[in-house]
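Engineer: Just protein-v4.csv, nothing more (CSV, C-alpha atoms):
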chain,number,residue,atom,x,y,z
N,1,MET,CA,60.2,-31.3,50.7
N,2,GLU,CA,59.5,-33.5,47.7
N,3,TRP,CA,59.4,-32.5,44.1
N,4,PHE,CA,55.8,-33.3,43.9
N,5,VAL,CA,54.9,-30.4,46.3
N,6,PHE,CA,57.1,-28.0,44.4
N,7,ILE,CA,55.5,-28.9,41.1
N,8,HIS,CA,52.1,-28.7,42.8
N,9,VAL,CA,52.8,-25.2,44.0
N,10,PHE,CA,54.6,-24.1,40.8
N,11,VAL,CA,51.8,-25.1,38.5
N,12,SER,CA,49.2,-23.5,40.8
N,13,VAL,CA,51.2,-20.2,41.0
N,14,LEU,CA,51.7,-20.3,37.2
N,15,PHE,CA,47.9,-20.5,36.6
N,16,ALA,CA,47.2,-17.8,39.2
N,17,VAL,CA,49.7,-15.4,37.7
N,18,SER,CA,48.4,-16.1,34.2
N,19,SER,CA,44.8,-15.6,35.3
N,20,ALA,CA,45.6,-12.3,37.1
N,21,ALA,CA,47.6,-11.0,34.2
N,22,LYS,CA,44.8,-11.8,31.7
N,23,PHE,CA,42.1,-10.2,34.0
N,24,SER,CA,44.2,-7.1,34.4
N,25,LYS,CA,44.6,-6.6,30.6
N,26,LEU,CA,41.6,-8.3,28.9
N,27,SER,CA,42.1,-6.1,25.8
N,28,SER,CA,45.5,-7.8,24.9
N,29,PHE,CA,43.9,-11.2,25.2
N,30,ARG,CA,41.0,-10.1,23.0
N,31,VAL,CA,43.5,-9.0,20.4
N,32,THR,CA,45.0,-12.5,20.2
N,33,LEU,CA,41.5,-14.0,19.9
N,34,ARG,CA,40.7,-11.6,17.1
N,35,GLN,CA,44.0,-12.6,15.3
N,36,LEU,CA,42.9,-16.3,15.7
N,37,ARG,CA,39.7,-15.3,13.9
N,38,ILE,CA,37.4,-16.3,16.8
N,39,THR,CA,33.9,-15.0,16.2
N,40,PRO,CA,33.0,-11.9,18.2
N,41,PHE,CA,30.3,-13.9,20.2
N,42,TRP,CA,32.8,-16.6,21.2
N,43,ALA,CA,35.6,-14.1,21.8
N,44,ARG,CA,33.5,-12.1,24.3
N,45,ASN,CA,32.9,-15.3,26.3
N,46,VAL,CA,36.3,-16.8,25.9
N,47,VAL,CA,38.1,-13.6,27.0
N,48,VAL,CA,36.6,-14.0,30.4
N,49,ALA,CA,36.2,-17.8,30.6
N,50,ILE,CA,39.8,-18.7,30.1
N,51,PRO,CA,41.2,-16.5,32.9
N,52,LEU,CA,38.3,-17.6,35.1
N,53,LEU,CA,39.1,-21.3,34.4
N,54,GLU,CA,42.8,-20.6,35.1
N,55,LEU,CA,41.8,-19.3,38.5
N,56,VAL,CA,39.7,-22.3,39.1
N,57,VAL,CA,42.6,-24.6,38.2
N,58,CYS,CA,44.7,-22.7,40.7
N,59,VAL,CA,42.2,-23.2,43.5
N,60,LEU,CA,41.5,-26.8,42.6
N,61,LEU,CA,45.2,-27.6,42.8
N,62,MET,CA,45.5,-26.2,46.3
N,63,PHE,CA,43.4,-29.0,47.9
N,64,PRO,CA,44.4,-32.7,47.8
N,65,ILE,CA,40.8,-33.8,47.3
N,66,THR,CA,40.4,-31.6,44.2
N,67,LEU,CA,44.0,-31.9,42.9
N,68,ARG,CA,43.1,-34.4,40.2
N,69,TYR,CA,40.2,-32.3,38.9
N,70,GLY,CA,42.5,-29.3,38.8
N,71,ALA,CA,45.1,-31.3,36.8
N,72,VAL,CA,42.4,-32.5,34.3
N,73,LEU,CA,41.1,-28.9,33.9
N,74,ALA,CA,44.7,-27.7,33.4
N,75,LEU,CA,45.2,-30.4,30.7
N,76,LEU,CA,42.0,-29.3,29.0
N,77,LEU,CA,43.1,-25.6,29.1
N,78,LEU,CA,46.5,-26.6,27.7
N,79,SER,CA,44.8,-28.5,25.0
N,80,SER,CA,42.8,-25.4,24.0
N,81,PHE,CA,46.1,-23.5,23.9
N,82,ALA,CA,47.6,-26.2,21.6
N,83,TRP,CA,44.5,-25.8,19.4
N,84,ALA,CA,45.1,-22.0,19.3
N,85,GLY,CA,48.7,-22.7,18.3
N,86,TRP,CA,47.5,-25.0,15.5
N,87,ARG,CA,45.0,-22.4,14.4
N,88,ALA,CA,47.8,-19.7,14.4
N,89,LYS,CA,50.0,-21.8,12.1
N,90,GLY,CA,51.0,-19.8,9.1
N,91,ARG,CA,49.5,-16.6,10.4
N,92,MET,CA,51.1,-13.6,12.1
N,93,VAL,CA,49.4,-14.1,15.4
N,94,THR,CA,50.9,-12.4,18.5
N,95,TYR,CA,50.8,-14.6,21.5
N,96,GLN,CA,50.0,-12.5,24.6
N,97,TRP,CA,51.7,-14.5,27.3
N,98,PHE,CA,50.5,-13.6,30.7
N,99,GLY,CA,48.0,-11.1,29.4
N,100,GLY,CA,50.5,-9.2,27.3
N,101,LEU,CA,53.4,-9.1,29.8
N,102,ILE,CA,55.4,-10.8,27.0
N,103,SER,CA,54.3,-10.6,23.4
N,104,GLU,CA,55.7,-13.0,20.9
N,105,ARG,CA,54.7,-14.9,17.8
N,106,PHE,CA,53.4,-18.4,18.1
N,107,GLY,CA,56.4,-20.7,17.5
N,108,MET,CA,58.7,-23.0,19.4
N,109,GLY,CA,58.9,-20.9,22.5
N,110,PRO,CA,55.2,-20.9,23.4
N,111,HIS,CA,54.9,-24.6,22.2
N,112,THR,CA,57.8,-25.7,24.4
N,113,ARG,CA,56.3,-23.8,27.4
N,114,HIS,CA,53.0,-25.5,26.9
N,115,LEU,CA,54.5,-28.9,26.5
N,116,VAL,CA,56.5,-28.5,29.8
N,117,LEU,CA,53.3,-27.3,31.6
N,118,PHE,CA,51.3,-30.2,29.9
N,119,LEU,CA,53.9,-32.7,31.2
N,120,LEU,CA,53.8,-31.2,34.7
N,121,SER,CA,50.0,-31.4,34.7
N,122,ILE,CA,50.1,-35.0,33.7
N,123,TYR,CA,52.6,-35.6,36.5
N,124,LEU,CA,50.2,-34.1,39.0
N,125,LEU,CA,47.4,-36.3,37.6
N,126,VAL,CA,49.2,-39.6,37.8
N,127,ALA,CA,51.7,-39.0,40.7
N,128,PRO,CA,50.9,-40.8,44.0
N,129,PHE,CA,50.0,-38.6,46.9
N,130,SER,CA,53.2,-39.3,48.8
N,131,SER,CA,53.2,-35.8,50.1
N,132,THR,CA,50.7,-33.0,49.8
N,133,LEU,CA,50.5,-29.4,50.7
N,134,THR,CA,48.6,-30.3,53.9
N,135,LEU,CA,51.8,-31.8,55.3
N,136,ALA,CA,53.9,-28.7,54.5
N,137,SER,CA,54.3,-25.9,56.9
N,138,PHE,CA,53.3,-22.3,56.2
N,139,ASN,CA,56.9,-21.3,55.9
N,140,GLU,CA,57.6,-24.1,53.4
N,141,ILE,CA,54.5,-23.2,51.3
N,142,SER,CA,55.5,-19.5,51.4
N,143,THR,CA,59.0,-20.3,50.3
N,144,LEU,CA,57.7,-22.4,47.4
N,145,VAL,CA,55.2,-19.7,46.3
N,146,LEU,CA,57.9,-17.0,46.4
N,147,SER,CA,60.4,-19.3,44.6
N,148,SER,CA,57.8,-20.0,41.9
N,149,LEU,CA,57.2,-16.3,41.4
N,150,GLY,CA,60.9,-15.7,41.3
N,151,ILE,CA,61.3,-18.4,38.6
N,152,LEU,CA,58.6,-16.7,36.6
N,153,VAL,CA,60.1,-13.3,36.9
N,154,ILE,CA,63.6,-14.5,35.9
N,155,TYR,CA,62.2,-16.4,33.0
N,156,THR,CA,60.1,-13.3,31.9
N,157,LEU,CA,63.1,-11.0,32.2
N,158,GLY,CA,65.2,-13.5,30.1
N,159,LEU,CA,62.6,-13.5,27.4
N,160,THR,CA,62.4,-9.7,27.5
N,161,LEU,CA,66.2,-9.4,27.2
N,162,ARG,CA,66.2,-11.9,24.3
N,163,GLN,CA,63.5,-9.9,22.5
N,164,TYR,CA,65.3,-6.6,23.1
N,165,HIS,CA,68.5,-8.1,21.8
N,166,LYS,CA,66.8,-9.3,18.6
N,167,LEU,CA,65.2,-6.0,18.1
N,168,TYR,CA,68.3,-3.9,18.5
N,169,GLN,CA,71.0,-6.2,17.0
N,170,GLU,CA,73.7,-4.3,15.1
Any chance you could give the structure as structure tokens?
Structural biologist:
Amino acid sequence: MEWFVFIHVFVSVLFAVSSAAKFSKLSSFRVTLRQLRITPFWARNVVVAIPLLELVVCVLLMFPITLRYGAVLALLLLSSFAWAGWRAKGRMVTYQWFGGLISERFGMGPHTRHLVLFLLSIYLLVAPFSSTLTLASFNEISTLVLSSLGILVIYTLGLTLRQYHKLYQE
């Protein structure tokens, strides 16, 4: 199994989880948009459009013929997240990562995550199709999906423990 397939599945799973989390808790995403001073008209549309577009990225990344479109859409979404980070600069804006699963202030953590995801999306856009999901077996894909979910859970637990430690330092 090549790294390209792992990155392919990981980015797809990341966008799927992000979309599902935002859809499950639209109110926390709406709070972030209000803190960014997005007008109510745009906020009503964006609060649904962003998770929907994340779901579209997930689906587009699943098929080799639409992989490049998914990578471009992922880059556009990540650019909009970078714009939100720029807009939040100097304000106390809470970043509701994964629909409020983790709440933190805009800063180096969210910017670093977005940069890594941006670089992975660029890799998906420019990498040659030396191997694709169509060549992988069901067991391999299942293992990659579960591994990706495990990485996200471990990372989220690590962030939660770090926030807990900061909150209750002696």
Engineer: With a cut-off of 10 Å, could you pull out the residues of segment 46-76 of chain N touching segment 131-151 of chain N and give me the nearest pair of atoms for each, distance in Å to one decimal, using only C-alpha atoms, ordered by chain and ascending number, as JSON lines?
Structural biologist:
{"residue": "N:Leu61", "atom": "CA", "partner": "N:Leu133", "partner_atom": "CA", "distance": 9.7}
{"residue": "N:Met62", "atom": "CA", "partner": "N:Leu133", "partner_atom": "CA", "distance": 7.4}
{"residue": "N:Phe63", "atom": "CA", "partner": "N:Leu133", "partner_atom": "CA", "distance": 7.6}
{"residue": "N:Pro64", "atom": "CA", "partner": "N:Thr132", "partner_atom": "CA", "distance": 6.6}
{"residue": "N:Leu67", "atom": "CA", "partner": "N:Thr132", "partner_atom": "CA", "distance": 9.7}
Engineer: Rounded to one decimal in Å, what is the spacing between atom CA of Pro51 of chain N and atom CA of Phe23 of chain N?
Structural biologist: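 Going from atom CA of Pro51 of chain N over to atom CA of Phe23 of chain N covers 6.5 Å.
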Engineer: Counting all atoms listed in the file, which of N:Leu152, N:Val11, N:Leu115, N:Thr66 gets nearest to Ser79 of chain N?
Structural biologist: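 Of all the options, N:Leu115 lies closest to Ser79 of chain N.
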Engineer: Pick the closest to Leu14 of chain N from N:Val46, N:Val72, N:Leu52, N:Cys58: which is it, counting all atoms listed in the file?
Structural biologist: N:Cys58
Engineer: What's the separation between atom CA of Phe41 of chain N and atom CA of Pro110 of chain N, in Å to one decimal place?
Structural biologist: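 These two atoms are separated by 26.1 Å.
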Engineer: For Gly85 of chain N, which of N:Val116, N:Val59, N:Tyr123, N:Leu36 is the closest residue, counting all atoms listed in the file?
Structural biologist: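 With all atoms listed in the file as the atom set, the closest residue is N:Leu36.
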Engineer: Have a look at N:Arg113, N:Thr39, N:His8, N:Leu120 and name the one nearest to Tyr155 of chain N; count all atoms listed in the file.
Structural biologist: N:Arg113
Engineer: Between atom CA of Ala49 of chain N and atom CA of Trp83 of chain N, measure the distance and give it in Å to one decimal.
Structural biologist: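 Atom-to-atom, atom CA of Ala49 of chain N and atom CA of Trp83 of chain N are spaced 16.1 Å apart.
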Engineer: Point out the residue among N:Ser28, N:Trp3, N:His114, N:Ala43 with the least atom-to-atom distance to Phe81 of chain N, counting only C-alpha atoms.
Structural biologist: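 Answer, going by the shortest atom-to-atom distance: N:His114.
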Engineer: Considering only C-alpha atoms, return as number ranges by chain whatever protein or nucleic-acid residues lie within 7 Å of segment 18-21 of chain N, sequence-local ones (same chain, fewer than 3 positions apart) excluded.
Structural biologist: N: 14-15, 24-25, 51-52, 54-55, 98-99
Engineer: Of the residues N:Lys166, N:Lys89, N:Lys22, N:His111, which is the one nearest to Leu53 of chain N, using only C-alpha atoms?
Structural biologist: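 Ranking N:Lys166, N:Lys89, N:Lys22, N:His111 by distance to Leu53 of chain N, first place goes to N:Lys22.
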